[in-house]
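For reference, entry-v6.txt is printed below; it contains compact mmCIF, N, CA and C atoms.
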# COMPACT_ATOMS: atom_id res chain seq x y z
N MET R 364 131.96 113.30 56.14
CA MET R 364 132.82 112.24 56.56
C MET R 364 132.01 110.96 56.64
N ILE R 365 132.54 109.90 56.11
CA ILE R 365 131.95 108.57 56.20
C ILE R 365 132.81 107.76 57.16
N VAL R 366 132.15 107.10 58.10
CA VAL R 366 132.87 106.36 59.11
C VAL R 366 132.41 104.91 59.08
N ALA R 367 133.36 103.99 59.07
CA ALA R 367 133.06 102.57 59.18
C ALA R 367 133.25 102.17 60.63
N ILE R 368 132.29 101.45 61.18
CA ILE R 368 132.38 101.02 62.57
C ILE R 368 132.51 99.50 62.59
N PRO R 369 133.70 99.01 62.92
CA PRO R 369 133.89 97.56 62.94
C PRO R 369 133.13 96.91 64.08
N LEU R 370 132.61 95.73 63.82
CA LEU R 370 131.88 94.95 64.83
C LEU R 370 132.88 94.04 65.52
N MET R 371 132.97 94.16 66.83
CA MET R 371 133.87 93.34 67.61
C MET R 371 133.05 92.27 68.34
N ALA R 372 132.90 91.12 67.69
CA ALA R 372 132.13 90.01 68.26
C ALA R 372 132.90 89.37 69.42
N TYR R 373 132.25 88.49 70.15
CA TYR R 373 132.84 87.85 71.32
C TYR R 373 134.17 87.18 71.03
N ASN R 374 134.24 86.55 69.87
CA ASN R 374 135.41 85.71 69.57
C ASN R 374 136.54 86.43 68.84
N ILE R 375 136.43 87.72 68.65
CA ILE R 375 137.51 88.47 67.98
C ILE R 375 138.65 88.64 68.97
N PRO R 376 139.84 88.15 68.64
CA PRO R 376 140.97 88.29 69.56
C PRO R 376 141.36 89.77 69.75
N ILE R 377 141.89 90.06 70.90
CA ILE R 377 142.31 91.43 71.23
C ILE R 377 143.31 91.95 70.21
N LYS R 378 144.21 91.11 69.76
CA LYS R 378 145.22 91.58 68.79
C LYS R 378 144.57 92.02 67.48
N GLU R 379 143.45 91.40 67.09
CA GLU R 379 142.73 91.83 65.89
C GLU R 379 142.00 93.15 66.12
N ILE R 380 141.52 93.36 67.32
CA ILE R 380 140.87 94.63 67.65
C ILE R 380 141.91 95.75 67.58
N LYS R 381 143.08 95.50 68.14
CA LYS R 381 144.16 96.49 68.09
C LYS R 381 144.56 96.76 66.64
N ALA R 382 144.60 95.73 65.82
CA ALA R 382 144.97 95.88 64.40
C ALA R 382 143.96 96.79 63.69
N GLU R 383 142.68 96.64 64.01
CA GLU R 383 141.65 97.52 63.41
C GLU R 383 141.92 98.99 63.74
N VAL R 384 142.27 99.24 65.00
CA VAL R 384 142.56 100.60 65.43
C VAL R 384 143.81 101.12 64.72
N GLU R 385 144.81 100.29 64.61
CA GLU R 385 146.05 100.69 63.94
C GLU R 385 145.83 100.98 62.46
N GLN R 386 144.77 100.39 61.89
CA GLN R 386 144.43 100.65 60.49
C GLN R 386 143.50 101.84 60.33
N GLY R 387 143.16 102.51 61.44
CA GLY R 387 142.37 103.74 61.34
C GLY R 387 140.99 103.73 61.96
N SER R 388 140.50 102.58 62.39
CA SER R 388 139.19 102.55 63.05
C SER R 388 139.30 103.26 64.39
N PHE R 389 138.28 104.05 64.72
CA PHE R 389 138.34 104.77 65.99
C PHE R 389 137.07 104.66 66.81
N PHE R 390 136.08 103.95 66.34
CA PHE R 390 134.83 103.78 67.06
C PHE R 390 134.54 102.28 67.07
N MET R 391 134.46 101.69 68.25
CA MET R 391 134.30 100.26 68.37
C MET R 391 132.86 99.89 68.73
N LYS R 392 132.23 99.04 67.92
CA LYS R 392 130.95 98.45 68.30
C LYS R 392 131.28 97.09 68.90
N ILE R 393 131.03 96.96 70.18
CA ILE R 393 131.45 95.77 70.92
C ILE R 393 130.24 94.95 71.32
N LYS R 394 130.21 93.72 70.86
CA LYS R 394 129.14 92.81 71.24
C LYS R 394 129.37 92.33 72.66
N ILE R 395 128.33 92.47 73.47
CA ILE R 395 128.33 91.91 74.81
C ILE R 395 127.05 91.09 74.94
N GLY R 396 126.75 90.61 76.13
CA GLY R 396 125.57 89.75 76.28
C GLY R 396 125.92 88.32 75.89
N GLN R 397 127.07 87.88 76.34
CA GLN R 397 127.57 86.56 75.95
C GLN R 397 126.70 85.42 76.49
N PRO R 398 126.81 84.25 75.88
CA PRO R 398 125.99 83.10 76.29
C PRO R 398 126.24 82.70 77.75
N GLY R 399 125.22 82.13 78.35
CA GLY R 399 125.29 81.66 79.73
C GLY R 399 124.18 82.26 80.56
N THR R 400 124.22 81.97 81.85
CA THR R 400 123.24 82.58 82.76
C THR R 400 123.52 84.08 82.81
N GLN R 401 122.62 84.82 83.44
CA GLN R 401 122.82 86.25 83.58
C GLN R 401 124.13 86.55 84.32
N GLU R 402 124.42 85.78 85.36
CA GLU R 402 125.65 85.99 86.13
C GLU R 402 126.89 85.63 85.30
N GLU R 403 126.83 84.51 84.57
CA GLU R 403 127.96 84.13 83.70
C GLU R 403 128.18 85.17 82.62
N MET R 404 127.09 85.64 82.02
CA MET R 404 127.17 86.66 80.99
C MET R 404 127.84 87.91 81.53
N LEU R 405 127.39 88.36 82.70
CA LEU R 405 127.95 89.57 83.29
C LEU R 405 129.44 89.41 83.54
N GLU R 406 129.85 88.30 84.10
CA GLU R 406 131.27 88.07 84.37
C GLU R 406 132.09 88.07 83.07
N LYS R 407 131.58 87.39 82.04
CA LYS R 407 132.28 87.36 80.75
C LYS R 407 132.34 88.76 80.14
N ASP R 408 131.23 89.48 80.20
CA ASP R 408 131.18 90.83 79.63
C ASP R 408 132.13 91.77 80.35
N MET R 409 132.18 91.69 81.67
CA MET R 409 133.09 92.55 82.43
C MET R 409 134.54 92.24 82.06
N ALA R 410 134.87 90.96 81.93
CA ALA R 410 136.23 90.59 81.57
C ALA R 410 136.57 91.06 80.15
N ARG R 411 135.63 90.91 79.24
CA ARG R 411 135.86 91.32 77.84
C ARG R 411 136.02 92.83 77.72
N VAL R 412 135.14 93.58 78.37
CA VAL R 412 135.24 95.03 78.34
C VAL R 412 136.56 95.49 78.95
N SER R 413 136.96 94.88 80.06
CA SER R 413 138.23 95.22 80.70
C SER R 413 139.41 94.95 79.78
N ALA R 414 139.41 93.81 79.13
CA ALA R 414 140.51 93.44 78.24
C ALA R 414 140.61 94.39 77.05
N ILE R 415 139.47 94.71 76.45
CA ILE R 415 139.46 95.62 75.30
C ILE R 415 139.91 97.01 75.73
N HIS R 416 139.38 97.48 76.84
CA HIS R 416 139.75 98.83 77.31
C HIS R 416 141.24 98.90 77.63
N ALA R 417 141.77 97.90 78.29
CA ALA R 417 143.20 97.89 78.62
C ALA R 417 144.05 97.88 77.35
N ALA R 418 143.63 97.13 76.35
CA ALA R 418 144.39 97.04 75.11
C ALA R 418 144.35 98.33 74.29
N LEU R 419 143.24 99.06 74.37
CA LEU R 419 143.07 100.26 73.54
C LEU R 419 143.33 101.57 74.29
N ASP R 420 143.65 101.48 75.56
CA ASP R 420 143.77 102.67 76.40
C ASP R 420 144.76 103.71 75.87
N GLY R 421 145.84 103.29 75.25
CA GLY R 421 146.85 104.24 74.78
C GLY R 421 146.58 104.84 73.41
N TYR R 422 145.58 104.35 72.71
CA TYR R 422 145.28 104.85 71.37
C TYR R 422 144.47 106.15 71.45
N ARG R 423 144.72 107.03 70.49
CA ARG R 423 144.04 108.32 70.45
C ARG R 423 143.49 108.58 69.05
N THR R 424 142.48 109.46 69.00
CA THR R 424 141.86 109.85 67.73
C THR R 424 141.59 111.35 67.75
N PRO R 425 141.68 112.00 66.60
CA PRO R 425 141.34 113.43 66.55
C PRO R 425 139.83 113.67 66.46
N TYR R 426 139.04 112.60 66.38
CA TYR R 426 137.61 112.74 66.14
C TYR R 426 136.74 112.82 67.39
N THR R 427 137.34 112.71 68.56
CA THR R 427 136.57 112.87 69.80
C THR R 427 137.16 114.01 70.61
N LYS R 428 136.32 114.59 71.43
CA LYS R 428 136.75 115.72 72.26
C LYS R 428 137.88 115.32 73.19
N SER R 429 137.80 114.14 73.77
CA SER R 429 138.82 113.67 74.71
C SER R 429 140.04 113.07 74.02
N GLY R 430 139.89 112.72 72.75
CA GLY R 430 140.96 112.04 72.04
C GLY R 430 140.93 110.52 72.23
N LYS R 431 140.06 110.06 73.12
CA LYS R 431 139.97 108.61 73.38
C LYS R 431 138.99 107.95 72.44
N LEU R 432 139.18 106.66 72.22
CA LEU R 432 138.30 105.89 71.34
C LEU R 432 136.96 105.63 72.02
N PRO R 433 135.86 105.91 71.34
CA PRO R 433 134.55 105.62 71.93
C PRO R 433 134.14 104.16 71.72
N TYR R 434 133.30 103.69 72.62
CA TYR R 434 132.76 102.33 72.55
C TYR R 434 131.24 102.40 72.44
N TYR R 435 130.70 101.49 71.67
CA TYR R 435 129.26 101.30 71.56
C TYR R 435 129.01 99.85 71.92
N PHE R 436 128.22 99.61 72.95
CA PHE R 436 127.96 98.24 73.40
C PHE R 436 126.59 97.78 72.90
N ASP R 437 126.57 96.59 72.32
CA ASP R 437 125.33 95.98 71.83
C ASP R 437 125.18 94.64 72.54
N ALA R 438 124.17 94.53 73.40
CA ALA R 438 123.99 93.34 74.24
C ALA R 438 123.08 92.28 73.64
N ASN R 439 122.61 92.48 72.43
CA ASN R 439 121.79 91.46 71.78
C ASN R 439 120.56 91.05 72.58
N GLY R 440 119.99 91.97 73.33
CA GLY R 440 118.78 91.67 74.09
C GLY R 440 118.97 90.76 75.27
N ARG R 441 120.20 90.61 75.75
CA ARG R 441 120.48 89.63 76.79
C ARG R 441 120.33 90.13 78.23
N TYR R 442 120.46 91.42 78.46
CA TYR R 442 120.34 91.91 79.84
C TYR R 442 118.87 91.99 80.21
N GLU R 443 118.46 91.14 81.14
CA GLU R 443 117.06 91.02 81.50
C GLU R 443 116.63 91.98 82.59
N LYS R 444 117.56 92.41 83.43
CA LYS R 444 117.22 93.28 84.55
C LYS R 444 118.11 94.51 84.57
N LYS R 445 117.51 95.60 84.97
CA LYS R 445 118.25 96.85 85.09
C LYS R 445 119.42 96.70 86.08
N GLU R 446 119.21 95.94 87.13
CA GLU R 446 120.24 95.76 88.15
C GLU R 446 121.50 95.12 87.56
N THR R 447 121.32 94.17 86.67
CA THR R 447 122.47 93.51 86.04
C THR R 447 123.21 94.50 85.15
N LEU R 448 122.46 95.28 84.40
CA LEU R 448 123.06 96.31 83.56
C LEU R 448 123.82 97.32 84.41
N MET R 449 123.24 97.71 85.53
CA MET R 449 123.90 98.69 86.39
C MET R 449 125.21 98.14 86.96
N ARG R 450 125.26 96.85 87.21
CA ARG R 450 126.52 96.24 87.67
C ARG R 450 127.59 96.34 86.58
N LEU R 451 127.18 96.14 85.32
CA LEU R 451 128.13 96.30 84.22
C LEU R 451 128.58 97.75 84.11
N ILE R 452 127.65 98.68 84.21
CA ILE R 452 128.00 100.10 84.13
C ILE R 452 128.92 100.49 85.28
N ASP R 453 128.66 99.98 86.47
CA ASP R 453 129.56 100.25 87.60
C ASP R 453 130.97 99.73 87.33
N HIS R 454 131.05 98.57 86.71
CA HIS R 454 132.36 98.01 86.35
C HIS R 454 133.06 98.90 85.31
N ILE R 455 132.30 99.35 84.33
CA ILE R 455 132.86 100.23 83.29
C ILE R 455 133.39 101.51 83.93
N LYS R 456 132.69 102.04 84.90
CA LYS R 456 133.17 103.22 85.63
C LYS R 456 134.45 102.88 86.39
N LYS R 457 134.46 101.74 87.05
CA LYS R 457 135.60 101.32 87.87
C LYS R 457 136.89 101.21 87.05
N ILE R 458 136.79 100.73 85.81
CA ILE R 458 137.99 100.57 84.99
C ILE R 458 138.35 101.85 84.23
N GLY R 459 137.56 102.90 84.40
CA GLY R 459 137.86 104.18 83.78
C GLY R 459 137.44 104.32 82.34
N ALA R 460 136.47 103.52 81.91
CA ALA R 460 136.03 103.54 80.51
C ALA R 460 134.70 104.25 80.29
N PHE R 461 134.05 104.67 81.36
CA PHE R 461 132.69 105.20 81.25
C PHE R 461 132.59 106.39 80.30
N ASP R 462 133.55 107.31 80.36
CA ASP R 462 133.50 108.49 79.50
C ASP R 462 133.67 108.17 78.03
N GLN R 463 134.10 106.95 77.73
CA GLN R 463 134.28 106.55 76.34
C GLN R 463 133.07 105.82 75.78
N VAL R 464 132.08 105.56 76.59
CA VAL R 464 130.90 104.83 76.14
C VAL R 464 129.94 105.80 75.48
N ALA R 465 129.78 105.66 74.17
CA ALA R 465 128.86 106.52 73.41
C ALA R 465 127.43 106.09 73.65
N ASP R 466 127.18 104.81 73.66
CA ASP R 466 125.84 104.27 73.87
C ASP R 466 125.91 102.83 74.30
N TYR R 467 124.83 102.41 74.95
CA TYR R 467 124.59 101.02 75.26
C TYR R 467 123.17 100.76 74.80
N TYR R 468 122.95 99.67 74.15
CA TYR R 468 121.60 99.38 73.68
C TYR R 468 121.28 97.91 73.88
N LYS R 469 120.13 97.67 74.45
CA LYS R 469 119.61 96.32 74.57
C LYS R 469 118.43 96.23 73.63
N LYS R 470 118.53 95.39 72.65
CA LYS R 470 117.44 95.24 71.67
C LYS R 470 116.19 94.64 72.30
N SER R 471 115.17 94.54 71.54
CA SER R 471 113.89 93.93 71.92
C SER R 471 113.10 94.80 72.88
N GLY R 472 113.20 96.12 72.71
CA GLY R 472 112.38 97.00 73.52
C GLY R 472 112.74 97.07 74.98
N GLY R 473 113.95 96.65 75.30
CA GLY R 473 114.36 96.64 76.70
C GLY R 473 115.03 97.94 77.10
N ILE R 474 116.13 97.81 77.74
CA ILE R 474 116.83 98.94 78.33
C ILE R 474 117.62 99.69 77.28
N PHE R 475 117.44 101.00 77.24
CA PHE R 475 118.31 101.85 76.44
C PHE R 475 118.93 102.82 77.41
N ALA R 476 120.22 102.74 77.58
CA ALA R 476 120.91 103.59 78.56
C ALA R 476 121.91 104.48 77.84
N PRO R 477 121.50 105.68 77.44
CA PRO R 477 122.46 106.56 76.80
C PRO R 477 123.52 107.00 77.79
N MET R 478 124.74 107.03 77.33
CA MET R 478 125.87 107.43 78.16
C MET R 478 126.20 108.88 77.82
N PRO R 479 127.44 109.31 77.97
CA PRO R 479 127.77 110.70 77.64
C PRO R 479 127.23 111.05 76.26
N HIS R 480 126.74 112.25 76.12
CA HIS R 480 126.09 112.66 74.88
C HIS R 480 126.98 112.41 73.67
N TYR R 481 126.43 111.72 72.70
CA TYR R 481 127.13 111.37 71.47
C TYR R 481 127.69 112.62 70.80
N GLU R 482 126.88 113.65 70.69
CA GLU R 482 127.30 114.86 70.00
C GLU R 482 128.47 115.52 70.72
N ALA R 483 128.48 115.48 72.03
CA ALA R 483 129.57 116.09 72.80
C ALA R 483 130.88 115.33 72.62
N MET R 484 130.78 114.04 72.36
CA MET R 484 131.99 113.23 72.17
C MET R 484 132.64 113.51 70.83
N PHE R 485 131.85 113.87 69.84
CA PHE R 485 132.32 114.00 68.48
C PHE R 485 132.10 115.41 67.95
N PRO R 486 132.80 116.41 68.50
CA PRO R 486 132.55 117.78 68.06
C PRO R 486 132.92 118.01 66.59
N ALA R 487 133.83 117.21 66.05
CA ALA R 487 134.27 117.40 64.66
C ALA R 487 133.34 116.73 63.65
N VAL R 488 132.42 115.90 64.12
CA VAL R 488 131.55 115.15 63.23
C VAL R 488 130.15 115.75 63.27
N LYS R 489 129.64 116.18 62.15
CA LYS R 489 128.28 116.76 62.07
C LYS R 489 127.28 115.62 62.00
N MET R 490 126.28 115.66 62.86
CA MET R 490 125.25 114.63 62.89
C MET R 490 124.14 115.00 61.93
What does the file become when written as structure tokens?
Amino acid sequence: MIVAIPLMAYNIPIKEIKAEVEQGSFFMKIKIGQPGTQEEMLEKDMARVSAIHAALDGYRTPYTKSGKLPYYFDANGRYEKKETLMRLIDHIKKIGAFDQVADYYKKSGGIFAPMPHYEAMFPAVKM
């Protein structure tokens, strides 16, 4: 199986993200780490993750164990402290999206926080 993973940049409207899912995409690579101070970035990222999760909550896929769409977060090296990242993860848990997070990665040798095991999420996909 070959899978295309669309990149959901900061400025992609929610309706376009939903359109991608309706066209068959089931794994979202979501850019976070938006411009601004660490606090501004966190607030924007929490709002963006909440909006995307709310918009995609009803969609299902046969490719994950839960049937829910997985998310991959790419912060572009912006999260400077573990505490800030943990606040984002706490927010993701609060909105009920934590089990859908396949991975979070901060580039530049920083924080790598694996979430639920990738292989367990995708039993139908051979790695």
- [ ] Using only N, CA and C atoms, determine which residues lie at most 7 Å from region 393-395 of chain R, disregarding the query and same-chain residues fewer than 4 positions distant; provide the list as JSON, numbers by chain.
- [x] {"R": [369, 370, 371, 372, 373, 408, 434, 435, 436, 437, 438, 439, 441]}
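Interatomic distance, CA of Phe461 (chain R) to CA of Pro433 (chain R): 9.5 Å.
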Open item on the list: Between atom N of Lys378 (chain R) and CA of Arg450 (chain R), what distance in Å does the model show, to one decimal?
Closed with: 25.7 Å
Open item on the list: Can you measure CA of Val384 (chain R) to CA of Ile458 (chain R) for me? One decimal in Å is fine.
Closed with: 20.1 Å
- [ ] Enumerate as a PyMOL selection string all residues of region 367-467 of chain R assigned to helix (DSSP H, G or I) by DSSP on the backbone, naming them with the chain letters and numbers the document uses.
- [x] chain R and resi 377-385+401-419+445-457+461-463
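Shortest atom-to-atom contact with Ser388 (chain R) among R:Ala460, R:Lys444, R:Ala414, R:Ile368: R:Ile368, counting all atoms listed in the file.
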Open item on the list: Ranking R:Leu432, R:Met404, R:Ile415, R:Met391 by minimum distance to Ala367 (chain R) and counting only C-alpha atoms, which one comes first?
Closed with: R:Met391
- [ ] Among the residues of region 412-458 of chain R, find those DSSP assigns to strand (DSSP E or B) from the backbone and print them as number ranges by chain.
- [x] R: 434-437
Mind working out the centre and edge lengths of an axis-aligned box for region 427-443 of chain R, all listed atoms inside, 5 Å added to each side, rounded to one decimal in Å and written as lines of an AutoDock Vina configuration file?
center_x = 128.8
center_y = 102.7
center_z = 75.6
size_x = 34.3
size_y = 36.1
size_z = 24.0
